[in-house]
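One file, upload34.cif, carrying mmCIF, C-alpha atoms:
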```cif
data_coords
#
loop_
_atom_site.label_atom_id
_atom_site.label_comp_id
_atom_site.auth_asym_id
_atom_site.auth_seq_id
_atom_site.Cartn_x
_atom_site.Cartn_y
_atom_site.Cartn_z
CA MET B 1 156.62 169.52 57.89
CA THR B 2 155.53 170.01 54.31
CA ARG B 3 152.07 170.91 55.47
CA ARG B 4 153.38 173.55 57.86
CA SER B 5 155.59 175.18 55.27
CA ALA B 6 152.69 175.18 52.82
CA LEU B 7 150.54 176.89 55.42
CA ARG B 8 153.19 179.49 56.12
CA LYS B 9 153.38 180.28 52.44
CA VAL B 10 149.70 181.20 52.44
CA THR B 11 150.13 183.56 55.38
CA VAL B 12 153.29 185.23 54.15
CA GLY B 13 152.11 185.53 50.56
CA GLY B 14 149.02 187.46 51.66
CA PRO B 15 147.90 190.85 50.36
CA ALA B 16 150.59 192.92 52.08
CA PRO B 17 150.17 196.17 50.09
CA LEU B 18 146.47 196.19 50.83
CA LEU B 19 147.10 195.64 54.52
CA GLY B 20 149.39 198.65 54.56
CA GLY B 21 146.48 200.88 53.64
CA LEU B 22 144.34 199.37 56.34
CA ALA B 23 146.96 199.74 59.06
CA PRO B 24 145.32 202.67 60.93
CA LEU B 25 142.00 200.82 60.98
CA VAL B 26 143.63 197.61 62.17
CA ALA B 27 145.38 199.52 64.96
CA LEU B 28 142.07 201.01 66.06
CA VAL B 29 140.36 197.63 66.14
CA ALA B 30 143.30 196.11 68.00
CA CYS B 31 142.86 198.64 70.82
CA THR B 32 139.31 197.62 71.58
CA ALA B 33 139.47 193.87 70.83
CA PRO B 34 140.17 191.42 73.66
CA THR B 35 143.56 189.73 73.74
CA PRO B 36 143.58 187.17 70.97
CA ARG B 37 143.86 183.61 72.22
CA ASP B 38 147.01 181.64 71.58
CA ASP B 39 146.18 179.26 68.75
CA SER B 40 149.73 178.07 68.14
CA ALA B 41 149.11 174.51 69.44
CA LEU B 42 145.94 174.23 67.36
CA LEU B 43 147.71 175.54 64.27
CA GLU B 44 150.60 173.15 64.75
CA HIS B 45 148.33 170.12 65.31
CA MET B 46 145.34 171.15 63.21
CA PRO B 47 143.03 168.09 63.26
CA ARG B 48 141.03 166.85 60.28
CA SER B 49 138.97 164.42 62.33
CA ILE B 50 137.48 164.87 65.80
CA LEU B 51 136.09 162.16 68.06
CA VAL B 52 133.36 163.58 70.30
CA LEU B 53 132.77 161.58 73.48
CA PRO B 54 129.36 161.72 75.20
CA PRO B 55 129.48 164.62 77.68
CA LEU B 56 129.95 164.40 81.41
CA ASP B 57 126.83 165.78 83.01
CA GLN B 58 126.99 167.88 86.13
CA SER B 59 123.41 169.09 85.82
CA LEU B 60 121.98 165.65 86.72
CA GLU B 61 119.20 166.17 84.17
CA PRO B 62 118.50 162.95 82.26
CA ALA B 63 118.13 164.74 78.92
CA ALA B 64 121.32 166.80 79.24
CA CYS B 65 123.85 164.24 78.05
CA TYR B 66 122.16 163.19 74.84
CA GLY B 67 120.53 166.55 74.19
CA THR B 68 124.04 167.96 74.08
CA LEU B 69 125.51 165.08 72.10
CA ALA B 70 122.78 165.51 69.49
CA ALA B 71 123.51 169.24 69.20
CA ILE B 72 127.27 169.09 68.82
CA SER B 73 128.05 167.34 65.50
CA ARG B 74 126.54 169.91 63.21
CA PRO B 75 128.24 173.10 64.41
CA LEU B 76 131.55 171.26 64.74
CA ALA B 77 131.43 169.66 61.28
CA GLU B 78 130.33 172.94 59.74
CA ARG B 79 133.59 174.45 61.06
CA GLY B 80 135.42 172.07 58.71
CA PHE B 81 136.17 168.89 60.65
CA TYR B 82 135.24 165.27 60.18
CA VAL B 83 133.12 164.36 63.20
CA PHE B 84 132.80 160.68 64.00
CA PRO B 85 129.19 159.38 64.21
CA VAL B 86 128.47 160.26 67.84
CA ALA B 87 125.61 157.79 68.42
CA VAL B 88 127.52 154.86 66.91
CA VAL B 89 130.58 155.72 69.02
CA ASP B 90 128.42 155.93 72.15
CA MET B 91 126.60 152.64 71.52
CA MET B 92 129.82 150.85 70.62
CA MET B 93 131.46 151.98 73.86
CA ARG B 94 128.41 150.96 75.89
CA ASP B 95 128.51 147.53 74.21
CA ASN B 96 132.14 147.23 75.26
CA GLY B 97 131.70 147.65 78.97
CA LEU B 98 131.74 151.45 79.25
CA PRO B 99 128.22 152.21 80.48
CA THR B 100 128.51 155.97 81.11
CA PRO B 101 130.44 159.02 79.91
CA LEU B 102 132.49 158.85 83.11
CA GLU B 103 134.08 155.56 82.01
CA MET B 104 134.34 156.74 78.39
CA HIS B 105 136.26 159.87 79.38
CA ALA B 106 138.70 157.68 81.31
CA VAL B 107 139.69 155.57 78.27
CA PRO B 108 143.41 156.08 77.58
CA MET B 109 144.17 158.05 74.43
CA HIS B 110 146.17 155.24 72.82
CA LYS B 111 143.12 152.99 73.05
CA LEU B 112 140.90 155.61 71.37
CA VAL B 113 143.50 155.97 68.64
CA GLU B 114 143.61 152.20 68.13
CA VAL B 115 139.84 151.93 67.63
CA PHE B 116 138.90 155.27 66.02
CA ASP B 117 142.14 156.87 64.85
CA PRO B 118 140.98 160.48 65.39
CA ASP B 119 143.35 163.43 65.07
CA ALA B 120 141.81 165.00 68.18
CA VAL B 121 139.26 164.17 70.88
CA LEU B 122 136.60 166.57 72.17
CA TYR B 123 135.77 166.23 75.87
CA LEU B 124 132.51 167.92 76.86
CA THR B 125 130.94 168.77 80.20
CA VAL B 126 127.37 170.01 80.72
CA HIS B 127 127.34 172.39 83.69
CA ASN B 128 123.76 173.66 83.51
CA TRP B 129 120.67 172.25 81.86
CA GLY B 130 117.12 173.33 82.53
CA SER B 131 114.96 175.93 84.21
CA SER B 132 115.06 177.62 87.55
CA PHE B 133 111.77 179.09 88.68
CA GLN B 134 111.43 182.29 90.66
CA VAL B 135 108.16 183.83 91.81
CA VAL B 136 107.54 185.93 88.75
CA SER B 137 109.84 184.46 86.16
CA SER B 138 111.77 181.43 85.03
CA THR B 139 115.19 181.19 83.46
CA THR B 140 116.41 178.29 81.40
CA THR B 141 120.16 177.93 81.14
CA VAL B 142 122.49 175.57 79.30
CA THR B 143 126.24 175.79 79.89
CA LEU B 144 128.65 173.68 77.88
CA GLU B 145 132.37 173.33 78.36
CA ALA B 146 134.56 171.84 75.64
CA ARG B 147 138.20 170.77 75.57
CA LEU B 148 139.91 169.65 72.38
CA VAL B 149 142.91 167.37 72.92
CA ASP B 150 145.49 166.31 70.32
CA ALA B 151 145.37 162.52 69.97
CA GLU B 152 149.05 162.15 69.20
CA THR B 153 150.64 164.38 71.83
CA GLY B 154 147.87 164.77 74.42
CA LEU B 155 148.26 168.55 74.19
CA ASP B 156 145.28 170.83 74.85
CA LEU B 157 144.50 172.47 71.51
CA TRP B 158 141.47 174.55 72.43
CA HIS B 159 139.22 175.08 75.41
CA SER B 160 136.05 177.11 75.82
CA THR B 161 132.83 177.48 77.80
CA ARG B 162 129.53 178.84 76.55
CA THR B 163 126.21 179.60 78.19
CA ALA B 164 122.88 180.12 76.45
CA SER B 165 119.88 181.22 78.48
CA ARG B 166 116.36 182.45 78.10
CA SER B 167 114.16 184.23 80.60
CA SER B 168 110.43 184.43 80.54
CA GLY B 169 107.77 186.22 82.52
CA SER B 170 109.97 189.27 82.99
CA GLY B 171 107.87 191.56 80.79
CA GLY B 172 106.32 194.78 82.11
CA GLY B 173 102.95 195.01 83.83
CA SER B 174 101.36 194.72 87.23
CA LEU B 175 102.46 192.21 89.85
CA ILE B 176 99.30 190.18 89.26
CA GLY B 177 100.06 190.23 85.55
CA LEU B 178 103.58 189.01 86.19
CA LEU B 179 102.34 186.22 88.44
CA VAL B 180 99.83 185.05 85.89
CA ASP B 181 102.53 185.22 83.25
CA ALA B 182 104.97 183.19 85.36
CA VAL B 183 102.41 180.53 86.19
CA ALA B 184 101.48 180.26 82.53
CA THR B 185 105.13 179.90 81.58
CA GLN B 186 105.78 177.31 84.24
CA VAL B 187 102.74 175.29 83.25
CA GLY B 188 103.74 175.67 79.62
CA SER B 189 107.29 174.57 80.42
CA ALA B 190 105.99 171.21 81.54
CA MET B 191 105.16 170.60 77.90
CA TYR B 192 107.88 172.62 76.23
CA ASP B 193 111.48 172.55 77.42
CA PRO B 194 113.68 175.08 75.59
CA SER B 195 116.87 173.34 76.79
CA PRO B 196 117.61 171.33 73.61
CA GLU B 197 117.26 174.53 71.58
CA LEU B 198 119.57 176.35 73.99
CA ALA B 199 122.07 173.48 73.76
CA ARG B 200 122.16 174.03 70.01
CA GLU B 201 122.63 177.76 70.51
CA ALA B 202 125.43 177.16 73.03
CA ALA B 203 127.13 174.65 70.73
CA TRP B 204 127.07 177.01 67.75
CA GLY B 205 128.38 179.84 69.92
CA LEU B 206 131.09 177.63 71.33
CA PHE B 207 132.65 176.81 67.97
CA ALA B 208 131.75 179.81 65.82
CA ASP B 209 132.46 182.67 68.25
CA SER B 210 134.59 185.30 66.59
CA ASP B 211 136.92 185.63 69.59
CA ASP B 212 136.93 182.28 71.36
CA GLY B 213 135.70 179.97 68.61
CA LEU B 214 137.51 177.19 66.86
CA LEU B 215 139.63 178.00 63.80
CA LEU B 216 138.16 176.75 60.54
CA GLY B 217 139.27 173.17 59.89
CA PRO B 218 140.78 171.54 56.80
CA LEU B 219 137.41 170.39 55.39
CA HIS B 220 136.10 173.96 55.23
CA PRO B 221 136.44 175.63 51.81
CA GLU B 222 137.69 178.82 53.48
CA HIS B 223 140.19 177.05 55.69
CA ALA B 224 143.35 179.07 56.16
CA PRO B 225 145.76 178.93 59.07
CA THR B 226 144.97 182.42 60.33
CA VAL B 227 141.19 182.49 59.89
CA ARG B 228 139.11 182.12 63.03
CA MET J 229 116.42 215.92 36.07
CA GLU J 230 116.82 212.24 36.93
CA THR J 231 119.43 211.34 39.49
CA ASP J 232 121.50 208.25 38.87
CA ARG J 233 120.62 205.77 41.58
CA ARG J 234 122.87 203.00 40.42
CA PRO J 235 125.68 203.66 42.89
CA LEU J 236 123.15 203.55 45.71
CA ILE J 237 121.68 200.27 44.52
CA ARG J 238 125.16 198.83 44.08
CA ALA J 239 126.07 199.84 47.62
CA ALA J 240 122.91 198.24 48.97
CA ALA J 241 123.63 195.03 47.07
CA LEU J 242 127.16 194.98 48.42
CA LEU J 243 125.91 195.44 51.97
CA CYS J 244 123.46 192.59 51.47
CA ALA J 245 126.19 190.30 50.17
CA THR J 246 128.45 191.21 53.08
CA LEU J 247 125.75 190.55 55.65
CA THR J 248 124.96 187.17 54.12
CA ALA J 249 128.61 186.20 54.08
CA CYS J 250 129.05 187.22 57.71
CA GLY J 251 125.87 185.41 58.75
CA GLY J 252 127.47 182.14 57.67
CA THR J 253 124.14 180.42 57.22
CA ARG J 254 125.28 178.42 54.22
CA SER J 255 125.56 174.78 55.18
CA LEU J 256 128.43 172.61 53.96
CA TYR J 257 126.36 169.45 54.37
CA ALA J 258 122.87 167.98 54.34
CA TRP J 259 121.77 167.19 57.91
CA GLY J 260 118.08 166.32 57.64
CA ASP J 261 116.91 164.61 60.83
CA TYR J 262 120.34 163.32 61.81
CA GLU J 263 120.45 165.22 65.10
CA GLU J 264 116.99 163.99 66.10
CA SER J 265 118.01 160.46 65.23
CA VAL J 266 121.17 160.72 67.36
CA TYR J 267 119.01 161.71 70.31
CA ALA J 268 116.50 158.92 69.68
CA VAL J 269 119.20 156.24 69.42
CA CYS J 270 121.20 157.33 72.47
CA ALA J 271 118.49 158.46 74.87
CA GLU J 272 116.43 155.29 74.79
CA PRO J 273 118.26 152.59 72.85
CA GLY J 274 115.85 149.92 74.08
CA ALA J 275 112.79 151.76 72.85
CA ILE J 276 113.77 153.07 69.41
CA ASP J 277 111.69 152.39 66.36
CA VAL J 278 114.58 151.33 64.13
CA GLY J 279 112.46 151.28 60.99
CA ARG J 280 111.43 154.89 61.55
CA GLU J 281 115.02 155.99 62.11
CA VAL J 282 116.16 154.21 58.96
CA GLU J 283 113.39 155.93 57.02
CA ARG J 284 114.47 159.37 58.31
CA LEU J 285 118.05 158.84 57.29
CA VAL J 286 117.25 157.30 53.92
CA GLN J 287 115.16 160.39 53.27
CA LEU J 288 118.12 162.59 54.19
CA VAL J 289 120.50 160.73 51.87
CA LYS J 290 117.96 161.04 49.05
CA ALA J 291 117.44 164.77 49.65
CA SER J 292 121.18 165.42 49.70
CA GLY J 293 121.53 163.69 46.34
CA GLU J 294 118.81 165.87 44.86
CA ALA J 295 120.33 169.04 46.33
CA LYS J 296 123.83 167.94 45.26
CA VAL J 297 125.15 168.54 48.77
CA ASP J 298 127.33 166.04 50.62
CA VAL J 299 125.71 163.97 53.31
CA ALA J 300 127.03 165.18 56.68
CA PRO J 301 129.92 163.36 58.37
CA GLY J 302 128.67 160.34 60.29
CA VAL J 303 125.30 159.99 58.57
CA HIS J 304 126.16 156.93 56.45
CA ALA J 305 127.79 155.23 59.44
CA HIS J 306 124.77 156.02 61.62
CA LEU J 307 122.54 154.50 58.96
CA GLY J 308 124.82 151.45 58.74
CA TYR J 309 124.49 151.00 62.48
CA LEU J 310 120.68 151.11 62.20
CA TYR J 311 120.72 148.49 59.41
CA SER J 312 122.91 146.27 61.58
CA LEU J 313 120.31 146.55 64.37
CA GLN J 314 117.76 145.27 61.87
CA GLY J 315 120.06 142.35 61.06
CA ASP J 316 120.50 143.57 57.48
CA LEU J 317 124.26 143.13 57.42
CA ASP J 318 124.75 143.52 53.66
CA THR J 319 123.04 146.91 53.55
CA ALA J 320 124.89 147.89 56.74
CA THR J 321 128.19 147.03 55.05
CA ALA J 322 127.28 149.13 52.02
CA ALA J 323 126.43 152.12 54.23
CA PHE J 324 129.68 151.82 56.20
CA LEU J 325 131.61 151.70 52.92
CA SER J 326 129.83 154.89 51.78
CA GLU J 327 131.00 156.66 54.94
CA LYS J 328 134.58 155.57 54.31
CA GLU J 329 134.46 156.57 50.66
CA LEU J 330 133.05 160.03 51.38
CA TYR J 331 135.19 160.60 54.48
CA PRO J 332 138.46 158.64 54.41
CA GLU J 333 139.17 160.08 57.89
CA SER J 334 136.86 157.31 59.16
CA THR J 335 138.85 154.43 57.61
CA VAL J 336 140.26 152.78 60.76
CA PHE J 337 136.93 153.05 62.59
CA ILE J 338 134.88 151.74 59.65
CA ASP J 339 137.29 148.85 59.00
CA GLY J 340 136.80 147.87 62.64
CA LEU J 341 133.01 147.94 62.24
CA LEU J 342 133.25 145.88 59.03
CA ALA J 343 135.42 143.29 60.81
CA ARG J 344 132.73 142.98 63.51
CA ILE J 345 130.09 142.49 60.85
CA ASP J 346 132.19 139.81 59.16
CA ALA J 347 132.57 138.03 62.49
CA ARG J 348 128.82 138.24 63.06
CA SER J 349 127.85 136.89 59.64
CA THR J 350 130.37 134.06 59.93
CA LYS J 351 128.85 133.14 63.26
CA THR J 352 125.34 133.21 61.79
CA GLN J 353 126.41 131.01 58.88
CA GLU J 354 127.96 128.45 61.23
CA GLN J 355 124.67 127.98 63.01
CA PRO J 356 122.43 125.30 61.47
#
```
What does this structure look like when you write it as structure tokens?
Amino acid sequence: MTRRSALRKVTVGGPAPLLGGLAPLVALVACTAPTPRDDSALLEHMPRSILVLPPLDQSLEPAACYGTLAAISRPLAERGFYVFPVAVVDMMMRDNGLPTPLEMHAVPMHKLVEVFDPDAVLYLTVHNWGSSFQVVSSTTTVTLEARLVDAETGLDLWHSTRTASRSSGSGGGSLIGLLVDAVATQVGSAMYDPSPELAREAAWGLFADSDDGLLLGPLHPEHAPTVR
Amino acid sequence: METDRRPLIRAAALLCATLTACGGTRSLYAWGDYEESVYAVCAEPGAIDVGREVERLVQLVKASGEAKVDVAPGVHAHLGYLYSLQGDLDTATAAFLSEKELYPESTVFIDGLLARIDARSTKTQEQP
């Protein structure tokens, strides 16, 4: 309760006279901006610590699960949250009879609280991971979905999906040129897979997006209840 | 007649500062090779070179000290886990305690890990 009233004080005590002068500008921006998401649950249950479980993988690519898990801690922690050590959590769960993310995601919240005591849990799903090859081009796509759940109440605090993709071989030129380009890319892709890089891009976009991102958390120096 | 360019320069500097602030590239923490190490540990736990992973993370902790930036959340605990794989339980304990000290949010989790280590070392001591 004290925390909430302290937060409210910050919002109310803001630079009101200054805002008055900006009102026409704000109105203009409001007309073009998408409907702001409802962050009331997140604001009310703002977590300090987040337990990230290894992602469910619907892409069936062996590298997807851990490529994503490796990419997630940094952008999330840089938003101002304590992120539990993802590899240690994963190995500990595996050692305790939970061999895959499917079993880990099924662990009841009270059990997670007993062992880790997080304020919130992040459930991830990888929907796409890897390249699809067409005749003259290839596209690599990574799609991540994230759901943040309050550990105490089980309420959904935030939910978002993000895709990062890269196409190659689609440059101008003759058909022969395009074919050569595509073959070169596909041969090259056997050695270089841009997916981990795209996972990082998707993860940063997921949390830091100016419309759908996660509000700055309590460990961020610029944390304020209304800043996204 | 010389025109005064200072306002122009000031405006350019302001724009620069604004762009940098919006870019948000400043990092709150030192990350080093932590992400790579997470992948190595999880993807093929049976095949990791534990010594190499320890070395990477020790390097990161050292660099963060020199740069006076906090080690990222989870790094000390990750390192503690690696030490425990090597059987170096004292150093593992010290690393877990560092995580707890830097990030009290981890207290319950770390206390659980320390209890496991205690149980393990007791068991080792009981063996002849």
Residues of chain B at most 7 Å from chain J: nearest atom pair and distance in Å, all atoms listed in the file, as CSV:
```
residue,atom,partner,partner_atom,distance
B:Ser49,CA,J:Glu333,CA,6.2
B:Tyr66,CA,J:Tyr267,CA,5.7
B:Gly67,CA,J:Tyr267,CA,6.4
B:Ala70,CA,J:Glu263,CA,5.0
B:Ala71,CA,J:Glu263,CA,6.5
B:Glu78,CA,J:Leu256,CA,6.1
B:Tyr82,CA,J:Pro301,CA,5.9
B:Val83,CA,J:Pro301,CA,5.9
B:Phe84,CA,J:Gly302,CA,5.6
B:Pro85,CA,J:Gly302,CA,4.1
B:Ala87,CA,J:Val266,CA,5.4
B:Val88,CA,J:His306,CA,6.1
B:Val115,CA,J:Phe337,CA,5.9
B:Phe116,CA,J:Phe337,CA,4.5
B:Asp117,CA,J:Val336,CA,6.1
```
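Computed from the coordinates, the atom CA of J:Val282 to atom CA of B:Met93 distance equals 21.5 Å.
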Fill in: Spatial neighbours of stretch 136-146 of chain B, max dist 7 Å, all atoms listed in the file, sep filter under 4 positions, as JSON, numbers by chain
{"B": [122, 123, 124, 125, 126, 127, 128, 129, 130, 131, 132, 159, 160, 161, 162, 163, 164, 165, 166, 167, 168, 169, 170, 178, 179, 182, 195, 198, 199, 202]}
Write a file of the just-selected residues containing C-alpha atoms, as a short mmCIF file (atom, residue, chain, number, x, y, z; two decimals), keeping the file's coordinate frame.
```
data_model
loop_
_atom_site.label_atom_id
_atom_site.label_comp_id
_atom_site.auth_asym_id
_atom_site.auth_seq_id
_atom_site.Cartn_x
_atom_site.Cartn_y
_atom_site.Cartn_z
CA LEU B 122 136.60 166.57 72.17
CA TYR B 123 135.77 166.23 75.87
CA LEU B 124 132.51 167.92 76.86
CA THR B 125 130.94 168.77 80.20
CA VAL B 126 127.37 170.01 80.72
CA HIS B 127 127.34 172.39 83.69
CA ASN B 128 123.76 173.66 83.51
CA TRP B 129 120.67 172.25 81.86
CA GLY B 130 117.12 173.33 82.53
CA SER B 131 114.96 175.93 84.21
CA SER B 132 115.06 177.62 87.55
CA HIS B 159 139.22 175.08 75.41
CA SER B 160 136.05 177.11 75.82
CA THR B 161 132.83 177.48 77.80
CA ARG B 162 129.53 178.84 76.55
CA THR B 163 126.21 179.60 78.19
CA ALA B 164 122.88 180.12 76.45
CA SER B 165 119.88 181.22 78.48
CA ARG B 166 116.36 182.45 78.10
CA SER B 167 114.16 184.23 80.60
CA SER B 168 110.43 184.43 80.54
CA GLY B 169 107.77 186.22 82.52
CA SER B 170 109.97 189.27 82.99
CA LEU B 178 103.58 189.01 86.19
CA LEU B 179 102.34 186.22 88.44
CA ALA B 182 104.97 183.19 85.36
CA SER B 195 116.87 173.34 76.79
CA LEU B 198 119.57 176.35 73.99
CA ALA B 199 122.07 173.48 73.76
CA ALA B 202 125.43 177.16 73.03
#
```
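Excluding B:Leu102 itself and any same-chain residue fewer than 6 positions from it, the protein and nucleic acid residues within 9 Å of it, counting all atoms listed in the file, are B:Pro54, B:Pro55, B:Leu56, B:Asp57.
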Item to complete: Between atom CA of B:Gln134 and atom CA of B:Cys65, measure the distance and give it in Å to one decimal.
Response: 25.3 Å
Worksheet item: For the file shown, what are the residues hit by the PyMOL selection byres ((chain B and resi 36-47) around 6), laid out as JSON, numbers by chain?
Response: {"B": [35, 48, 49, 119, 120, 157]}
Worksheet item: In Å, with one decimal, what is the gap from atom CA of B:Phe81 to atom CA of B:Gly217?
Response: 5.3 Å
